[in-house]
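*Asks:* Got a structure for you, entry-v6.cif, holding mmCIF, C-alpha atoms.
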```
data_work
loop_
_atom_site.label_atom_id
_atom_site.label_comp_id
_atom_site.auth_asym_id
_atom_site.auth_seq_id
_atom_site.Cartn_x
_atom_site.Cartn_y
_atom_site.Cartn_z
CA MET A 1 -42.22 11.28 -11.84
CA GLY A 2 -39.28 13.35 -10.59
CA LEU A 3 -35.77 13.16 -11.98
CA PHE A 4 -34.48 11.10 -9.00
CA GLN A 5 -37.34 8.62 -9.46
CA ARG A 6 -36.73 8.24 -13.17
CA ILE A 7 -33.00 7.66 -12.70
CA GLY A 8 -33.58 5.30 -9.75
CA LYS A 9 -35.96 3.19 -11.78
CA ALA A 10 -33.60 3.12 -14.76
CA LEU A 11 -30.79 1.89 -12.48
CA GLU A 12 -32.76 -1.13 -11.23
CA PRO A 13 -31.69 -3.61 -13.96
CA LEU A 14 -28.13 -2.20 -13.85
CA MET A 15 -27.45 -2.96 -10.16
CA LEU A 16 -25.35 -6.09 -10.71
CA ALA A 17 -23.29 -4.31 -13.39
CA MET A 18 -22.90 -1.29 -11.08
CA GLY A 19 -21.60 -3.55 -8.33
CA VAL A 20 -18.89 -4.82 -10.67
CA VAL A 21 -17.82 -1.39 -11.98
CA SER A 22 -16.24 -0.32 -8.66
CA PRO A 23 -13.85 -3.29 -8.40
CA LEU A 24 -12.96 -2.96 -12.10
CA ALA A 25 -12.35 0.76 -11.52
CA THR A 26 -9.61 -0.24 -9.08
CA ILE A 27 -7.50 -1.77 -11.91
CA PRO A 28 -5.87 1.54 -12.99
CA GLN A 29 -4.93 2.20 -9.33
CA LEU A 30 -3.44 -1.32 -9.05
CA TYR A 31 -1.50 -0.73 -12.28
CA LYS A 32 -0.02 2.50 -10.91
CA LEU A 33 0.92 0.84 -7.60
CA PHE A 34 2.51 -2.29 -9.07
CA PHE A 35 3.84 -1.14 -12.44
CA SER A 36 3.92 2.46 -13.59
CA HIS A 37 4.20 4.53 -10.35
CA SER A 38 5.58 2.21 -7.66
CA GLN A 39 7.89 5.01 -6.48
CA HIS A 40 4.79 6.90 -5.34
CA ALA A 41 3.37 4.03 -3.25
CA ALA A 42 3.99 6.07 -0.07
CA GLY A 43 1.16 8.37 -1.17
CA LEU A 44 -1.32 5.50 -0.83
CA SER A 45 -2.96 4.97 2.55
CA LEU A 46 -2.66 1.46 3.99
CA ALA A 47 -5.34 2.41 6.55
CA THR A 48 -7.83 3.35 3.81
CA TRP A 49 -7.24 0.26 1.66
CA THR A 50 -7.20 -2.15 4.60
CA LEU A 51 -10.53 -0.77 5.82
CA TYR A 52 -11.94 -1.00 2.27
CA THR A 53 -10.81 -4.66 2.22
CA PHE A 54 -12.43 -5.40 5.57
CA ILE A 55 -15.73 -3.73 4.65
CA ALA A 56 -15.88 -5.53 1.27
CA PHE A 57 -15.32 -8.80 3.13
CA LEU A 58 -18.22 -8.08 5.50
CA TRP A 59 -20.53 -7.14 2.59
CA THR A 60 -19.52 -10.37 0.82
CA LEU A 61 -20.53 -12.41 3.89
CA TYR A 62 -23.74 -10.38 4.15
CA GLY A 63 -24.58 -11.03 0.48
CA VAL A 64 -23.87 -14.75 0.83
CA TYR A 65 -26.10 -14.83 3.92
CA HIS A 66 -28.94 -13.24 1.93
CA LYS A 67 -28.13 -15.41 -1.13
CA ASN A 68 -28.00 -12.13 -3.08
CA PRO A 69 -25.44 -12.29 -5.92
CA THR A 70 -25.98 -8.57 -6.68
CA ILE A 71 -24.37 -7.89 -3.29
CA TRP A 72 -21.75 -10.61 -3.04
CA ILE A 73 -20.35 -10.76 -6.59
CA GLY A 74 -19.31 -7.10 -6.70
CA ASN A 75 -18.11 -7.10 -3.09
CA CYS A 76 -16.15 -10.32 -3.48
CA LEU A 77 -14.34 -8.76 -6.46
CA SER A 78 -13.81 -5.55 -4.46
CA PHE A 79 -12.40 -7.62 -1.62
CA LEU A 80 -9.84 -9.23 -3.97
CA MET A 81 -8.87 -5.88 -5.54
CA ASP A 82 -8.63 -4.01 -2.22
CA ALA A 83 -6.69 -6.86 -0.58
CA THR A 84 -4.22 -6.74 -3.49
CA MET A 85 -3.91 -2.95 -3.05
CA SER A 86 -3.30 -3.37 0.70
CA ALA A 87 -0.71 -6.12 0.14
CA GLY A 88 1.05 -4.00 -2.49
CA ILE A 89 1.24 -0.93 -0.25
CA TYR A 90 2.54 -3.04 2.63
CA LEU A 91 5.17 -4.71 0.45
CA LYS A 92 6.40 -1.45 -1.08
CA VAL A 93 6.13 0.96 1.86
CA GLY A 94 5.71 -1.14 5.00
CA LEU A 95 3.36 -0.72 7.92
CA VAL A 96 2.46 2.97 7.71
CA MET A 97 -0.92 4.69 7.78
CA MET B 1 -26.51 -22.39 11.47
CA GLY B 2 -23.26 -22.11 9.47
CA LEU B 3 -20.57 -19.54 10.08
CA PHE B 4 -21.61 -17.40 7.05
CA GLN B 5 -25.20 -17.41 8.30
CA ARG B 6 -24.27 -16.40 11.82
CA ILE B 7 -22.04 -13.56 10.62
CA GLY B 8 -24.64 -12.42 8.05
CA LYS B 9 -27.33 -12.25 10.68
CA ALA B 10 -25.05 -10.40 13.11
CA LEU B 11 -24.31 -7.81 10.39
CA GLU B 12 -27.99 -6.95 9.82
CA PRO B 13 -28.28 -4.18 12.46
CA LEU B 14 -24.81 -2.87 11.49
CA MET B 15 -25.59 -2.16 7.83
CA LEU B 16 -26.02 1.61 8.17
CA ALA B 17 -22.80 1.85 10.20
CA MET B 18 -21.00 -0.34 7.63
CA GLY B 19 -22.14 2.00 4.86
CA VAL B 20 -20.53 4.92 6.68
CA VAL B 21 -17.22 3.17 7.48
CA SER B 22 -16.06 3.14 3.82
CA PRO B 23 -16.36 6.92 3.29
CA LEU B 24 -14.73 7.56 6.69
CA ALA B 25 -11.94 5.15 5.71
CA THR B 26 -11.14 7.51 2.83
CA ILE B 27 -10.04 10.26 5.26
CA PRO B 28 -6.43 8.96 5.73
CA GLN B 29 -6.09 8.79 1.92
CA LEU B 30 -7.40 12.36 1.60
CA TYR B 31 -4.93 13.48 4.29
CA LYS B 32 -2.01 11.91 2.38
CA LEU B 33 -3.13 13.51 -0.89
CA PHE B 34 -3.73 17.02 0.45
CA PHE B 35 -1.30 17.33 3.36
CA SER B 36 1.36 14.77 4.17
CA HIS B 37 2.26 13.15 0.81
CA SER B 38 1.15 15.57 -1.93
CA GLN B 39 4.42 14.92 -3.78
CA HIS B 40 3.19 11.36 -4.39
CA ALA B 41 -0.16 12.40 -5.90
CA ALA B 42 0.97 11.02 -9.28
CA GLY B 43 0.65 7.52 -7.82
CA LEU B 44 -3.09 8.02 -7.39
CA SER B 45 -5.32 7.06 -10.30
CA LEU B 46 -7.72 9.76 -11.49
CA ALA B 47 -9.56 7.07 -13.50
CA THR B 48 -10.17 4.96 -10.39
CA TRP B 49 -11.33 7.83 -8.17
CA THR B 50 -13.50 9.42 -10.86
CA LEU B 51 -15.25 6.09 -11.45
CA TYR B 52 -15.69 5.61 -7.68
CA THR B 53 -17.28 9.09 -7.57
CA PHE B 54 -19.62 8.32 -10.46
CA ILE B 55 -20.72 4.96 -8.99
CA ALA B 56 -21.31 6.47 -5.52
CA PHE B 57 -23.45 9.14 -7.20
CA LEU B 58 -25.56 6.49 -8.97
CA TRP B 59 -26.00 4.50 -5.70
CA THR B 60 -27.05 7.72 -3.94
CA LEU B 61 -29.75 8.33 -6.56
CA TYR B 62 -30.79 4.67 -6.31
CA GLY B 63 -31.04 4.89 -2.49
CA VAL B 64 -33.09 8.10 -2.68
CA TYR B 65 -35.39 6.45 -5.22
CA HIS B 66 -35.96 3.54 -2.83
CA LYS B 67 -36.17 5.95 0.17
CA ASN B 68 -33.51 3.74 1.77
CA PRO B 69 -31.17 5.77 4.03
CA THR B 70 -28.93 2.72 4.57
CA ILE B 71 -28.04 3.00 0.88
CA TRP B 72 -28.03 6.75 0.30
CA ILE B 73 -26.34 8.07 3.49
CA GLY B 74 -23.14 6.03 3.09
CA ASN B 75 -23.04 6.52 -0.68
CA CYS B 76 -23.69 10.25 -0.45
CA LEU B 77 -20.72 10.53 1.95
CA SER B 78 -18.63 8.32 -0.37
CA PHE B 79 -19.59 10.58 -3.28
CA LEU B 80 -18.30 13.65 -1.39
CA MET B 81 -15.06 11.91 -0.32
CA ASP B 82 -14.35 10.40 -3.75
CA ALA B 83 -15.18 13.68 -5.52
CA THR B 84 -12.70 15.47 -3.23
CA MET B 85 -10.07 12.79 -4.02
CA SER B 86 -10.69 13.22 -7.77
CA ALA B 87 -10.53 17.01 -7.54
CA GLY B 88 -7.29 16.80 -5.52
CA ILE B 89 -5.60 14.45 -7.99
CA TYR B 90 -6.67 16.66 -10.90
CA LEU B 91 -5.41 19.83 -9.19
CA LYS B 92 -2.06 18.32 -8.21
CA VAL B 93 -1.28 16.11 -11.22
CA GLY B 94 -3.63 17.15 -14.02
CA LEU B 95 -5.64 15.05 -16.42
CA VAL B 96 -3.81 11.71 -16.32
CA MET B 97 -5.13 8.20 -15.85
#
```
Take the structure in this file and express it as structure tokens.

*Replies:*
Amino acid sequence: MGLFQRIGKALEPLMLAMGVVSPLATIPQLYKLFFSHSQHAAGLSLATWTLYTFIAFLWTLYGVYHKNPTIWIGNCLSFLMDATMSAGIYLKVGLVM
Amino acid sequence: MGLFQRIGKALEPLMLAMGVVSPLATIPQLYKLFFSHSQHAAGLSLATWTLYTFIAFLWTLYGVYHKNPTIWIGNCLSFLMDATMSAGIYLKVGLVM
């Protein structure tokens, strides 16, 4: 069994956890935007975070359609995090790319 | 058929495209970091982008293991984009959260 195969197999039971790591990883970025580095909010891209929000929303719907919590739990959390990022950038910088 | 179901079904043939939208969405953020708003790089979280990179790498391996291009193509692109974001933040700000 190749290295890819071994790692892929090992990841199988971790998929739900992996889906939740990405939204949790957004917390330090949210903290910088809202608390510690608000003066640098202009360096964040509203286009990027709005698209992330939209895509997470579509994946959430897709996961609900397939009744697959591994897909919708992580993406629903990502949707909330990314929407909060987008709202924060809009509030602090306005409607810029 | 409920609204969720109708949208979920409509998304089925779009999955590969959806997987590629997220990495492409990162381009405006990369542009701000490297070109237009480098002075605001401190507002970007190295923790967030490094974790994004790591997770995209794991999903790429997982997609290759399952020989599923819908999973690995988008995540491989995300890995490259997020790794470039992480490298840029590190180069411009150093090893901060």

*Asks:* What is the atom CA of A:Gln39 to atom CA of B:Ala41 distance in Å?

*Replies:* 10.9 Å

*Asks:* Just to confirm, what's the straight-line distance from atom CA of A:Phe79 to atom CA of A:Phe57 in Å (one decimal)?

*Replies:* 5.7 Å

*Asks:* Expand the PyMOL selection byres ((chain B) within 9 of (chain A)) into the explicit residue set it covers here, and present it as a PDB file with C-alpha atoms, in the coordinates of the input.

*Replies:*
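Now in expr.pdb:
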```pdb
ATOM      1  CA  PHE B   4     -21.610 -17.400   7.050  1.00  0.00           C
ATOM      2  CA  GLN B   5     -25.200 -17.410   8.300  1.00  0.00           C
ATOM      3  CA  ARG B   6     -24.270 -16.400  11.820  1.00  0.00           C
ATOM      4  CA  ILE B   7     -22.040 -13.560  10.620  1.00  0.00           C
ATOM      5  CA  GLY B   8     -24.640 -12.420   8.050  1.00  0.00           C
ATOM      6  CA  LYS B   9     -27.330 -12.250  10.680  1.00  0.00           C
ATOM      7  CA  LEU B  11     -24.310  -7.810  10.390  1.00  0.00           C
ATOM      8  CA  GLU B  12     -27.990  -6.950   9.820  1.00  0.00           C
ATOM      9  CA  MET B  15     -25.590  -2.160   7.830  1.00  0.00           C
ATOM     10  CA  MET B  18     -21.000  -0.340   7.630  1.00  0.00           C
ATOM     11  CA  GLY B  19     -22.140   2.000   4.860  1.00  0.00           C
ATOM     12  CA  VAL B  21     -17.220   3.170   7.480  1.00  0.00           C
ATOM     13  CA  SER B  22     -16.060   3.140   3.820  1.00  0.00           C
ATOM     14  CA  LEU B  24     -14.730   7.560   6.690  1.00  0.00           C
ATOM     15  CA  ALA B  25     -11.940   5.150   5.710  1.00  0.00           C
ATOM     16  CA  THR B  26     -11.140   7.510   2.830  1.00  0.00           C
ATOM     17  CA  ILE B  27     -10.040  10.260   5.260  1.00  0.00           C
ATOM     18  CA  PRO B  28      -6.430   8.960   5.730  1.00  0.00           C
ATOM     19  CA  GLN B  29      -6.090   8.790   1.920  1.00  0.00           C
ATOM     20  CA  LEU B  30      -7.400  12.360   1.600  1.00  0.00           C
ATOM     21  CA  TYR B  31      -4.930  13.480   4.290  1.00  0.00           C
ATOM     22  CA  LYS B  32      -2.010  11.910   2.380  1.00  0.00           C
ATOM     23  CA  LEU B  33      -3.130  13.510  -0.890  1.00  0.00           C
ATOM     24  CA  SER B  36       1.360  14.770   4.170  1.00  0.00           C
ATOM     25  CA  HIS B  37       2.260  13.150   0.810  1.00  0.00           C
ATOM     26  CA  SER B  38       1.150  15.570  -1.930  1.00  0.00           C
ATOM     27  CA  GLN B  39       4.420  14.920  -3.780  1.00  0.00           C
ATOM     28  CA  HIS B  40       3.190  11.360  -4.390  1.00  0.00           C
ATOM     29  CA  ALA B  41      -0.160  12.400  -5.900  1.00  0.00           C
ATOM     30  CA  ALA B  42       0.970  11.020  -9.280  1.00  0.00           C
ATOM     31  CA  GLY B  43       0.650   7.520  -7.820  1.00  0.00           C
ATOM     32  CA  LEU B  44      -3.090   8.020  -7.390  1.00  0.00           C
ATOM     33  CA  SER B  45      -5.320   7.060 -10.300  1.00  0.00           C
ATOM     34  CA  LEU B  46      -7.720   9.760 -11.490  1.00  0.00           C
ATOM     35  CA  ALA B  47      -9.560   7.070 -13.500  1.00  0.00           C
ATOM     36  CA  THR B  48     -10.170   4.960 -10.390  1.00  0.00           C
ATOM     37  CA  TRP B  49     -11.330   7.830  -8.170  1.00  0.00           C
ATOM     38  CA  THR B  50     -13.500   9.420 -10.860  1.00  0.00           C
ATOM     39  CA  LEU B  51     -15.250   6.090 -11.450  1.00  0.00           C
ATOM     40  CA  TYR B  52     -15.690   5.610  -7.680  1.00  0.00           C
ATOM     41  CA  ILE B  55     -20.720   4.960  -8.990  1.00  0.00           C
ATOM     42  CA  LEU B  58     -25.560   6.490  -8.970  1.00  0.00           C
ATOM     43  CA  TRP B  59     -26.000   4.500  -5.700  1.00  0.00           C
ATOM     44  CA  LEU B  61     -29.750   8.330  -6.560  1.00  0.00           C
ATOM     45  CA  TYR B  62     -30.790   4.670  -6.310  1.00  0.00           C
ATOM     46  CA  GLY B  63     -31.040   4.890  -2.490  1.00  0.00           C
ATOM     47  CA  VAL B  64     -33.090   8.100  -2.680  1.00  0.00           C
ATOM     48  CA  TYR B  65     -35.390   6.450  -5.220  1.00  0.00           C
ATOM     49  CA  HIS B  66     -35.960   3.540  -2.830  1.00  0.00           C
ATOM     50  CA  MET B  97      -5.130   8.200 -15.850  1.00  0.00           C
TER      51      MET B  97
END
```

*Asks:* Take atom CA of A:Leu77 and atom CA of B:Leu95 and report the distance between them in Å, one decimal.

*Replies:*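 So the two atoms, atom CA of A:Leu77 and atom CA of B:Leu95, lie 27.2 Å apart.
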
*Asks:* B:Ser78, B:Phe34, B:Thr70, B:Leu16: which is nearest B:Val93, counting only C-alpha atoms?

*Replies:*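 Of the candidates, the smallest distance to B:Val93 is held by B:Phe34.
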
*Asks:* Could you add N, CA, C and O atoms to stretch 15-39 of chain A and give me the result as an mmCIF file, in the coordinates of the input?

*Replies:*
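result04.cif was written with the following content:
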```cif
data_model
loop_
_atom_site.group_PDB
_atom_site.id
_atom_site.type_symbol
_atom_site.label_atom_id
_atom_site.label_comp_id
_atom_site.auth_asym_id
_atom_site.auth_seq_id
_atom_site.Cartn_x
_atom_site.Cartn_y
_atom_site.Cartn_z
ATOM 1 N N MET A 15 -28.093 -2.852 -11.474
ATOM 2 C CA MET A 15 -27.450 -2.960 -10.160
ATOM 3 C C MET A 15 -26.266 -3.933 -10.128
ATOM 4 O O MET A 15 -25.228 -3.624 -9.557
ATOM 5 N N LEU A 16 -26.442 -5.110 -10.735
ATOM 6 C CA LEU A 16 -25.350 -6.090 -10.710
ATOM 7 C C LEU A 16 -24.131 -5.532 -11.441
ATOM 8 O O LEU A 16 -23.003 -5.605 -10.950
ATOM 9 N N ALA A 17 -24.385 -4.924 -12.628
ATOM 10 C CA ALA A 17 -23.290 -4.310 -13.390
ATOM 11 C C ALA A 17 -22.629 -3.204 -12.574
ATOM 12 O O ALA A 17 -21.403 -3.113 -12.520
ATOM 13 N N MET A 18 -23.442 -2.375 -11.896
ATOM 14 C CA MET A 18 -22.900 -1.290 -11.080
ATOM 15 C C MET A 18 -21.987 -1.829 -9.974
ATOM 16 O O MET A 18 -20.947 -1.246 -9.679
ATOM 17 N N GLY A 19 -22.399 -2.953 -9.395
ATOM 18 C CA GLY A 19 -21.600 -3.550 -8.330
ATOM 19 C C GLY A 19 -20.242 -4.017 -8.810
ATOM 20 O O GLY A 19 -19.294 -4.116 -8.028
ATOM 21 N N VAL A 20 -20.139 -4.317 -10.110
ATOM 22 C CA VAL A 20 -18.890 -4.820 -10.670
ATOM 23 C C VAL A 20 -17.999 -3.685 -11.191
ATOM 24 O O VAL A 20 -16.796 -3.853 -11.341
ATOM 25 N N VAL A 21 -18.603 -2.503 -11.448
ATOM 26 C CA VAL A 21 -17.820 -1.390 -11.980
ATOM 27 C C VAL A 21 -16.786 -0.893 -10.965
ATOM 28 O O VAL A 21 -15.639 -0.638 -11.324
ATOM 29 N N SER A 22 -17.183 -0.821 -9.678
ATOM 30 C CA SER A 22 -16.240 -0.320 -8.660
ATOM 31 C C SER A 22 -14.974 -1.163 -8.561
ATOM 32 O O SER A 22 -13.872 -0.622 -8.598
ATOM 33 N N PRO A 23 -15.100 -2.510 -8.425
ATOM 34 C CA PRO A 23 -13.850 -3.290 -8.400
ATOM 35 C C PRO A 23 -13.043 -3.155 -9.677
ATOM 36 O O PRO A 23 -11.812 -3.043 -9.625
ATOM 37 N N LEU A 24 -13.699 -3.122 -10.846
ATOM 38 C CA LEU A 24 -12.960 -2.960 -12.100
ATOM 39 C C LEU A 24 -12.271 -1.597 -12.143
ATOM 40 O O LEU A 24 -11.165 -1.463 -12.675
ATOM 41 N N ALA A 25 -12.923 -0.586 -11.549
ATOM 42 C CA ALA A 25 -12.350 0.760 -11.520
ATOM 43 C C ALA A 25 -11.043 0.800 -10.747
ATOM 44 O O ALA A 25 -10.238 1.718 -10.917
ATOM 45 N N THR A 26 -10.828 -0.198 -9.896
ATOM 46 C CA THR A 26 -9.610 -0.240 -9.080
ATOM 47 C C THR A 26 -8.391 -0.671 -9.904
ATOM 48 O O THR A 26 -7.247 -0.446 -9.495
ATOM 49 N N ILE A 27 -8.611 -1.260 -11.084
ATOM 50 C CA ILE A 27 -7.500 -1.770 -11.910
ATOM 51 C C ILE A 27 -6.465 -0.685 -12.253
ATOM 52 O O ILE A 27 -5.263 -0.910 -12.082
ATOM 53 N N PRO A 28 -6.892 0.525 -12.700
ATOM 54 C CA PRO A 28 -5.870 1.540 -12.990
ATOM 55 C C PRO A 28 -5.032 1.901 -11.754
ATOM 56 O O PRO A 28 -3.826 2.147 -11.884
ATOM 57 N N GLN A 29 -5.668 1.898 -10.564
ATOM 58 C CA GLN A 29 -4.930 2.200 -9.330
ATOM 59 C C GLN A 29 -3.931 1.073 -9.011
ATOM 60 O O GLN A 29 -2.799 1.333 -8.595
ATOM 61 N N LEU A 30 -4.347 -0.172 -9.241
ATOM 62 C CA LEU A 30 -3.440 -1.320 -9.050
ATOM 63 C C LEU A 30 -2.272 -1.228 -10.026
ATOM 64 O O LEU A 30 -1.121 -1.498 -9.652
ATOM 65 N N TYR A 31 -2.548 -0.846 -11.260
ATOM 66 C CA TYR A 31 -1.500 -0.730 -12.280
ATOM 67 C C TYR A 31 -0.463 0.311 -11.869
ATOM 68 O O TYR A 31 0.753 0.086 -11.982
ATOM 69 N N LYS A 32 -0.955 1.458 -11.361
ATOM 70 C CA LYS A 32 -0.020 2.500 -10.910
ATOM 71 C C LYS A 32 0.833 2.009 -9.735
ATOM 72 O O LYS A 32 2.032 2.247 -9.701
ATOM 73 N N LEU A 33 0.187 1.317 -8.785
ATOM 74 C CA LEU A 33 0.920 0.840 -7.600
ATOM 75 C C LEU A 33 1.981 -0.186 -7.968
ATOM 76 O O LEU A 33 3.130 -0.098 -7.524
ATOM 77 N N PHE A 34 1.602 -1.173 -8.822
ATOM 78 C CA PHE A 34 2.510 -2.290 -9.070
ATOM 79 C C PHE A 34 3.450 -2.077 -10.256
ATOM 80 O O PHE A 34 4.508 -2.678 -10.310
ATOM 81 N N PHE A 35 3.044 -1.245 -11.220
ATOM 82 C CA PHE A 35 3.840 -1.140 -12.440
ATOM 83 C C PHE A 35 4.355 0.262 -12.759
ATOM 84 O O PHE A 35 5.553 0.500 -12.721
ATOM 85 N N SER A 36 3.449 1.190 -13.022
ATOM 86 C CA SER A 36 3.920 2.460 -13.590
ATOM 87 C C SER A 36 4.400 3.479 -12.548
ATOM 88 O O SER A 36 5.241 4.321 -12.872
ATOM 89 N N HIS A 37 3.852 3.469 -11.308
ATOM 90 C CA HIS A 37 4.200 4.530 -10.350
ATOM 91 C C HIS A 37 4.535 3.962 -8.968
ATOM 92 O O HIS A 37 4.147 4.543 -7.941
ATOM 93 N N SER A 38 5.257 2.839 -8.949
ATOM 94 C CA SER A 38 5.580 2.210 -7.660
ATOM 95 C C SER A 38 6.345 3.150 -6.735
ATOM 96 O O SER A 38 6.238 3.052 -5.505
ATOM 97 N N GLN A 39 7.105 4.076 -7.310
ATOM 98 C CA GLN A 39 7.890 5.010 -6.480
ATOM 99 C C GLN A 39 7.005 5.971 -5.700
ATOM 100 O O GLN A 39 7.487 6.656 -4.795
#
```
